[in-house]
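Student: Shown below is the structure under consideration.
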Amino acid sequence: MDSSQASIFEQVRVWLHAARHIAMLTGAGVSAESGVPTFRDAQTGMWARFRPEDLATEEAFRRDPQRVWDWYAERRENLRDVQPNAGHSAVAEFQQRHPGRLTLITQNVDGLHQKAGSPSVLALHGTIFENQWLDRCELARRPMDACHVDQAEPGRPPRCAQCGNLARPAVVWFGEMLPTAAMAAAEQAARRCEVMLVAGTSGAVYPAAGLAHQARAAGAKVVIVNPDETELDEIADAVLTGTSARILPRLLEDW
Ligand SMILES: NC(=O)c1ccc[n+]([C@@H]2O[C@H](COP(=O)([O-])OP(=O)(O)OC[C@H]3O[C@@H](n4cnc5c(N)ncnc54)[C@H](O)[C@@H]3O)[C@@H](O)[C@H]2O)c1
């Protein structure tokens with residue numbers, strides 16, 4: 001770290017120390033050092049000829065449920081043994097040491113923040129290891145109260161034995177709304193925080209990236225942690241150039 005980065009780093013530590021409430025937005029980059037490829041990097045092997053936009057949509061699933069289910073099955077398998085890295089752990093330990101002080105908001109679906117022990121995570125894009133029904137109750141042919149995803153008939157994808165409704169991954173697909181409660185909680189955190197830490201995200205995916213703008217508009221300091229430039233750098237009060245597994249442990253260790 002050169003001397004100008006060192007003084008920015010110390011300045012950010014002062015802001016964090018003084019902050020009663022911190023919001024933190026993470027993206028695919030915080031999992032890079034755990035070996036999780038970004039969305040586009042993940043397009044390898046037999047899936048290389050498909051674009052994410054052609055697989056991660058409700059339309060794609062309805063057209064060919066098995067193909068999309070198999071794509072997620074492969075991603076789930078690849079993620080199953082992946083371990084959190086030092087960045088995930090630093091955030092989790094900070095949350096544990098300072099209950100209620102840091103609201104963690106992630107765009108990641110890999111569950112690594114949860115695996116690292118973060119006591120609460122607002123997962124704006126869902127979680128890849130969970131399933132939900134494709135259709136809401138009122139769209140299904142029979143009332144859905146009797147159906148439970150975990151009791152779905154096995155198959156690719158599993159389906160409800162009573163009404164045939166299909167299970168699908170509980171992730172937010174292109175064109176879908178973000179979970180209302182998680183987004184509302186994230187917006188509230190963005191409005192009330194004194195520091196908004198943005199780590200491992202390009203800041204290109206909205207509405208998640210808009211949280212940094214909201215925080216700034218409400219008077220918070222916006223701090224970026226990323227080895228490369230991001231689309232949020234221009235609204236940032238500080239840019240810490242480096243990887244999250246390297247920077248976050250030092251940034252969040254106790255004073
Ligand atoms: N792990 C996951 O769950 C996962 C993986 C890929 C994509 N996605 C989804 O894809 C979308 C992509 O948006 P995004 O902004 O999260 O990712 P992105 O792929 O657009 O950007 C990744 C960012 O991480 C940075 N980065 C790379 N290595 C890093 C490191 N070691 N430390 C810190 N930063 C690093 C890159 O410079 C880049 O800015 C999101 O909606 C997300 O849900 C999730």
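Here, A, B, ... name the chains of the structure tokens in the order displayed, residue numbers run from 1 inside each chain, and ligands are numbered from 1 in the same displayed order.
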Give me, as a tab-separated table, each residue of chain A that comes within 7 Å of ligand 1, together with its shortest interatomic pair and the distance in Å at one decimal, counting only C-alpha atoms and all ligand atoms, with rows ordered by chain and rising residue number.

Tutor:
residue	atom	partner	partner_atom_place_in_ligand_line	distance
A:Thr26	CA	ligand 1	16 (O)	6.7
A:Gly27	CA	ligand 1	16 (O)	3.2
A:Ala28	CA	ligand 1	16 (O)	3.9
A:Gly29	CA	ligand 1	24 (O)	3.2
A:Val30	CA	ligand 1	32 (N)	4.9
A:Ser31	CA	ligand 1	1 (N)	5.3
A:Ala32	CA	ligand 1	31 (N)	5.0
A:Glu33	CA	ligand 1	31 (N)	5.2
A:Val36	CA	ligand 1	1 (N)	5.8
A:Pro37	CA	ligand 1	5 (C)	6.0
A:Thr38	CA	ligand 1	6 (C)	3.6
A:Phe39	CA	ligand 1	6 (C)	3.8
A:Gln107	CA	ligand 1	43 (O)	4.2
A:Asn108	CA	ligand 1	3 (O)	3.3
A:Val109	CA	ligand 1	3 (O)	3.8
A:Asp110	CA	ligand 1	3 (O)	4.0
A:His125	CA	ligand 1	43 (O)	5.4
A:Ala199	CA	ligand 1	33 (C)	5.8
A:Gly200	CA	ligand 1	34 (N)	3.3
A:Thr201	CA	ligand 1	15 (O)	3.4
A:Ser202	CA	ligand 1	39 (O)	3.4
A:Gly203	CA	ligand 1	15 (O)	5.3
A:Ala204	CA	ligand 1	15 (O)	6.1
A:Val205	CA	ligand 1	13 (O)	5.7
A:Val225	CA	ligand 1	33 (C)	6.2
A:Asn226	CA	ligand 1	34 (N)	4.2
A:Pro227	CA	ligand 1	37 (O)	5.6
A:Asp228	CA	ligand 1	37 (O)	4.5
A:Glu229	CA	ligand 1	37 (O)	6.6
A:Thr230	CA	ligand 1	39 (O)	5.5
A:Gly242	CA	ligand 1	32 (N)	6.6
A:Thr243	CA	ligand 1	32 (N)	3.5
A:Ser244	CA	ligand 1	32 (N)	4.0
A:Ala245	CA	ligand 1	32 (N)	6.5

Student: Determine, counting only C-alpha atoms, which protein, DNA and RNA residues have an atom within 6 Å of an atom of region 172-180 of chain A; residues of the same chain fewer than 3 positions away are not included. Present the result as an mmCIF file with C-alpha atoms, in the first residue's frame.

Tutor:
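The new file selection-v9.cif reads:
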data_model
loop_
_atom_site.group_PDB
_atom_site.id
_atom_site.type_symbol
_atom_site.label_atom_id
_atom_site.label_comp_id
_atom_site.auth_asym_id
_atom_site.auth_seq_id
_atom_site.Cartn_x
_atom_site.Cartn_y
_atom_site.Cartn_z
ATOM 1 C CA ALA A 56 -31.681 -17.113 -15.759
ATOM 2 C CA THR A 57 -35.168 -15.999 -16.735
ATOM 3 C CA HIS A 125 -30.885 -11.736 -5.313
ATOM 4 C CA GLY A 126 -31.973 -14.783 -3.299
ATOM 5 C CA MET A 183 -35.044 -4.366 -0.420
#

Student: DSSP on the backbone, then: every residue of region 148-249 of chain A marked strand (DSSP E or B), written as a PyMOL selection string.

Tutor: chain A and resi 153+159+166-171+195-199+221-226+238-241

Student: Export, as a PDB file, in the first residue's frame, the selected residues with N, CA and C atoms.

Tutor:
ATOM      1  N   GLU A 153     -42.262 -33.972  -5.618  1.00  0.00           N
ATOM      2  CA  GLU A 153     -41.880 -35.245  -6.236  1.00  0.00           C
ATOM      3  C   GLU A 153     -40.537 -35.092  -6.906  1.00  0.00           C
ATOM      4  N   ARG A 159     -41.624 -31.652  -8.873  1.00  0.00           N
ATOM      5  CA  ARG A 159     -42.934 -31.003  -9.030  1.00  0.00           C
ATOM      6  C   ARG A 159     -43.877 -31.445  -7.921  1.00  0.00           C
ATOM      7  N   LEU A 166     -44.078 -26.602 -10.548  1.00  0.00           N
ATOM      8  CA  LEU A 166     -42.650 -26.935 -10.583  1.00  0.00           C
ATOM      9  C   LEU A 166     -41.867 -26.174  -9.516  1.00  0.00           C
ATOM     10  N   ALA A 167     -40.881 -26.851  -8.934  1.00  0.00           N
ATOM     11  CA  ALA A 167     -39.931 -26.159  -8.052  1.00  0.00           C
ATOM     12  C   ALA A 167     -38.901 -25.444  -8.928  1.00  0.00           C
ATOM     13  N   ARG A 168     -38.443 -24.298  -8.468  1.00  0.00           N
ATOM     14  CA  ARG A 168     -37.410 -23.532  -9.182  1.00  0.00           C
ATOM     15  C   ARG A 168     -36.422 -22.977  -8.155  1.00  0.00           C
ATOM     16  N   PRO A 169     -35.228 -22.628  -8.559  1.00  0.00           N
ATOM     17  CA  PRO A 169     -34.275 -22.046  -7.607  1.00  0.00           C
ATOM     18  C   PRO A 169     -34.800 -20.709  -7.077  1.00  0.00           C
ATOM     19  N   ALA A 170     -34.550 -20.461  -5.789  1.00  0.00           N
ATOM     20  CA  ALA A 170     -35.054 -19.234  -5.152  1.00  0.00           C
ATOM     21  C   ALA A 170     -34.071 -18.084  -5.367  1.00  0.00           C
ATOM     22  N   VAL A 171     -33.764 -17.835  -6.629  1.00  0.00           N
ATOM     23  CA  VAL A 171     -32.910 -16.698  -6.968  1.00  0.00           C
ATOM     24  C   VAL A 171     -33.733 -15.721  -7.804  1.00  0.00           C
ATOM     25  N   VAL A 195     -21.729   5.299   7.139  1.00  0.00           N
ATOM     26  CA  VAL A 195     -20.751   4.818   6.155  1.00  0.00           C
ATOM     27  C   VAL A 195     -21.395   3.704   5.344  1.00  0.00           C
ATOM     28  N   MET A 196     -21.250   3.794   4.020  1.00  0.00           N
ATOM     29  CA  MET A 196     -21.703   2.720   3.120  1.00  0.00           C
ATOM     30  C   MET A 196     -20.454   2.099   2.494  1.00  0.00           C
ATOM     31  N   LEU A 197     -20.175   0.856   2.891  1.00  0.00           N
ATOM     32  CA  LEU A 197     -19.022   0.121   2.340  1.00  0.00           C
ATOM     33  C   LEU A 197     -19.507  -0.691   1.145  1.00  0.00           C
ATOM     34  N   VAL A 198     -18.835  -0.546   0.019  1.00  0.00           N
ATOM     35  CA  VAL A 198     -19.253  -1.244  -1.205  1.00  0.00           C
ATOM     36  C   VAL A 198     -18.094  -2.127  -1.656  1.00  0.00           C
ATOM     37  N   ALA A 199     -18.217  -3.449  -1.522  1.00  0.00           N
ATOM     38  CA  ALA A 199     -17.075  -4.330  -1.797  1.00  0.00           C
ATOM     39  C   ALA A 199     -17.405  -5.364  -2.857  1.00  0.00           C
ATOM     40  N   LYS A 221     -20.786   8.595   4.111  1.00  0.00           N
ATOM     41  CA  LYS A 221     -19.539   8.435   3.358  1.00  0.00           C
ATOM     42  C   LYS A 221     -19.647   7.136   2.570  1.00  0.00           C
ATOM     43  N   VAL A 222     -19.290   7.181   1.303  1.00  0.00           N
ATOM     44  CA  VAL A 222     -19.318   5.972   0.470  1.00  0.00           C
ATOM     45  C   VAL A 222     -17.880   5.506   0.251  1.00  0.00           C
ATOM     46  N   VAL A 223     -17.613   4.247   0.600  1.00  0.00           N
ATOM     47  CA  VAL A 223     -16.257   3.689   0.517  1.00  0.00           C
ATOM     48  C   VAL A 223     -16.273   2.455  -0.381  1.00  0.00           C
ATOM     49  N   ILE A 224     -15.398   2.441  -1.382  1.00  0.00           N
ATOM     50  CA  ILE A 224     -15.332   1.310  -2.322  1.00  0.00           C
ATOM     51  C   ILE A 224     -14.120   0.437  -1.999  1.00  0.00           C
ATOM     52  N   VAL A 225     -14.323  -0.876  -2.002  1.00  0.00           N
ATOM     53  CA  VAL A 225     -13.205  -1.833  -1.897  1.00  0.00           C
ATOM     54  C   VAL A 225     -13.241  -2.697  -3.145  1.00  0.00           C
ATOM     55  N   ASN A 226     -12.233  -2.550  -4.005  1.00  0.00           N
ATOM     56  CA  ASN A 226     -12.252  -3.267  -5.284  1.00  0.00           C
ATOM     57  C   ASN A 226     -10.866  -3.158  -5.926  1.00  0.00           C
ATOM     58  N   ALA A 238     -14.096   7.582  -0.722  1.00  0.00           N
ATOM     59  CA  ALA A 238     -12.789   6.910  -0.640  1.00  0.00           C
ATOM     60  C   ALA A 238     -12.837   5.641  -1.472  1.00  0.00           C
ATOM     61  N   VAL A 239     -11.756   5.402  -2.206  1.00  0.00           N
ATOM     62  CA  VAL A 239     -11.641   4.162  -2.985  1.00  0.00           C
ATOM     63  C   VAL A 239     -10.415   3.419  -2.475  1.00  0.00           C
ATOM     64  N   LEU A 240     -10.631   2.220  -1.935  1.00  0.00           N
ATOM     65  CA  LEU A 240      -9.524   1.388  -1.461  1.00  0.00           C
ATOM     66  C   LEU A 240      -9.270   0.332  -2.519  1.00  0.00           C
ATOM     67  N   THR A 241      -8.126   0.439  -3.157  1.00  0.00           N
ATOM     68  CA  THR A 241      -7.831  -0.428  -4.296  1.00  0.00           C
ATOM     69  C   THR A 241      -7.147  -1.699  -3.819  1.00  0.00           C
TER      70      THR A 241
END

Student: Sorted by chain and rising residue number, list the residues of region 101-184 of chain A at most 12 Å from region 20-24 of chain A (counting only C-alpha atoms), each with its closest atom pair and distance in Å to one decimal, as a Markdown table.

Tutor:
| residue | atom | partner | partner_atom | distance |
| --- | --- | --- | --- | --- |
| A:Arg101 | CA | A:His21 | CA | 5.0 |
| A:Leu102 | CA | A:Ile22 | CA | 4.7 |
| A:Thr103 | CA | A:Ala23 | CA | 4.8 |
| A:Leu104 | CA | A:Met24 | CA | 5.0 |
| A:Ile105 | CA | A:Met24 | CA | 5.8 |
| A:Thr106 | CA | A:Met24 | CA | 8.0 |
| A:Gln107 | CA | A:Met24 | CA | 11.0 |
| A:His113 | CA | A:Met24 | CA | 12.0 |
| A:Ser120 | CA | A:Met24 | CA | 11.9 |
| A:Val121 | CA | A:Met24 | CA | 10.1 |
| A:Leu122 | CA | A:Met24 | CA | 10.1 |
| A:Ala123 | CA | A:Met24 | CA | 11.9 |

Student: Do a neighbour search on region 81-96 of chain A at 6 Å with only C-alpha atoms, toss out local chain neighbours closer than 3 positions, and write the hits as a PyMOL selection string.

Tutor: chain A and resi 34+99+112-113+116-118+244-245+248-249

Student: Take the residues from that selection and put them in a file with N, CA and C atoms, as a PDB file, in the first residue's frame.

Tutor:
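Wrote it out as part_24.pdb, contents follow:
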ATOM      1  N   SER A  34     -12.588 -17.029  -3.002  1.00  0.00           N
ATOM      2  CA  SER A  34     -13.018 -18.379  -2.596  1.00  0.00           C
ATOM      3  C   SER A  34     -13.075 -19.291  -3.813  1.00  0.00           C
ATOM      4  N   PRO A  99     -23.212  -6.218  17.576  1.00  0.00           N
ATOM      5  CA  PRO A  99     -24.549  -6.573  17.101  1.00  0.00           C
ATOM      6  C   PRO A  99     -25.354  -5.341  16.661  1.00  0.00           C
ATOM      7  N   LEU A 112     -22.147 -17.633   0.971  1.00  0.00           N
ATOM      8  CA  LEU A 112     -20.852 -17.651   1.679  1.00  0.00           C
ATOM      9  C   LEU A 112     -20.822 -16.707   2.882  1.00  0.00           C
ATOM     10  N   HIS A 113     -21.545 -15.598   2.819  1.00  0.00           N
ATOM     11  CA  HIS A 113     -21.617 -14.736   4.013  1.00  0.00           C
ATOM     12  C   HIS A 113     -22.277 -15.509   5.162  1.00  0.00           C
ATOM     13  N   ALA A 116     -19.978 -18.079   6.566  1.00  0.00           N
ATOM     14  CA  ALA A 116     -18.906 -17.483   7.372  1.00  0.00           C
ATOM     15  C   ALA A 116     -19.397 -17.111   8.765  1.00  0.00           C
ATOM     16  N   GLY A 117     -20.731 -17.117   8.969  1.00  0.00           N
ATOM     17  CA  GLY A 117     -21.271 -16.827  10.289  1.00  0.00           C
ATOM     18  C   GLY A 117     -21.886 -15.449  10.431  1.00  0.00           C
ATOM     19  N   SER A 118     -22.153 -14.768   9.318  1.00  0.00           N
ATOM     20  CA  SER A 118     -22.850 -13.484   9.422  1.00  0.00           C
ATOM     21  C   SER A 118     -24.243 -13.724  10.000  1.00  0.00           C
ATOM     22  N   SER A 244     -10.933  -7.888  -1.540  1.00  0.00           N
ATOM     23  CA  SER A 244     -11.689  -7.835  -0.281  1.00  0.00           C
ATOM     24  C   SER A 244     -11.075  -8.736   0.786  1.00  0.00           C
ATOM     25  N   ALA A 245     -10.498  -9.876   0.391  1.00  0.00           N
ATOM     26  CA  ALA A 245      -9.901 -10.765   1.404  1.00  0.00           C
ATOM     27  C   ALA A 245      -8.662 -10.131   2.029  1.00  0.00           C
ATOM     28  N   LEU A 248     -10.552  -6.138   3.767  1.00  0.00           N
ATOM     29  CA  LEU A 248     -11.610  -6.118   4.797  1.00  0.00           C
ATOM     30  C   LEU A 248     -11.119  -6.541   6.192  1.00  0.00           C
ATOM     31  N   PRO A 249     -10.261  -7.585   6.320  1.00  0.00           N
ATOM     32  CA  PRO A 249      -9.820  -7.940   7.670  1.00  0.00           C
ATOM     33  C   PRO A 249      -9.112  -6.783   8.378  1.00  0.00           C
TER      34      PRO A 249
END

Student: I'd like to know which of A:Ala218, A:Leu134, A:Ala182, A:Ala209 is closest to Arg62 (chain A), using only C-alpha atoms.

Tutor: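 Nearest candidate to Arg62 (chain A) out of A:Ala218, A:Leu134, A:Ala182, A:Ala209: A:Leu134.
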
Student: What does the distance from CA of Ala220 (chain A) to CA of Gly111 (chain A) come to in Å, to one decimal?

Tutor: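 These atoms are spaced 27.5 Å apart.
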
Student: Work out how far apart CA of Ala181 (chain A) and CA of Gln151 (chain A) are and give it in Å to one decimal.

Tutor: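 It comes out at 26.0 Å.
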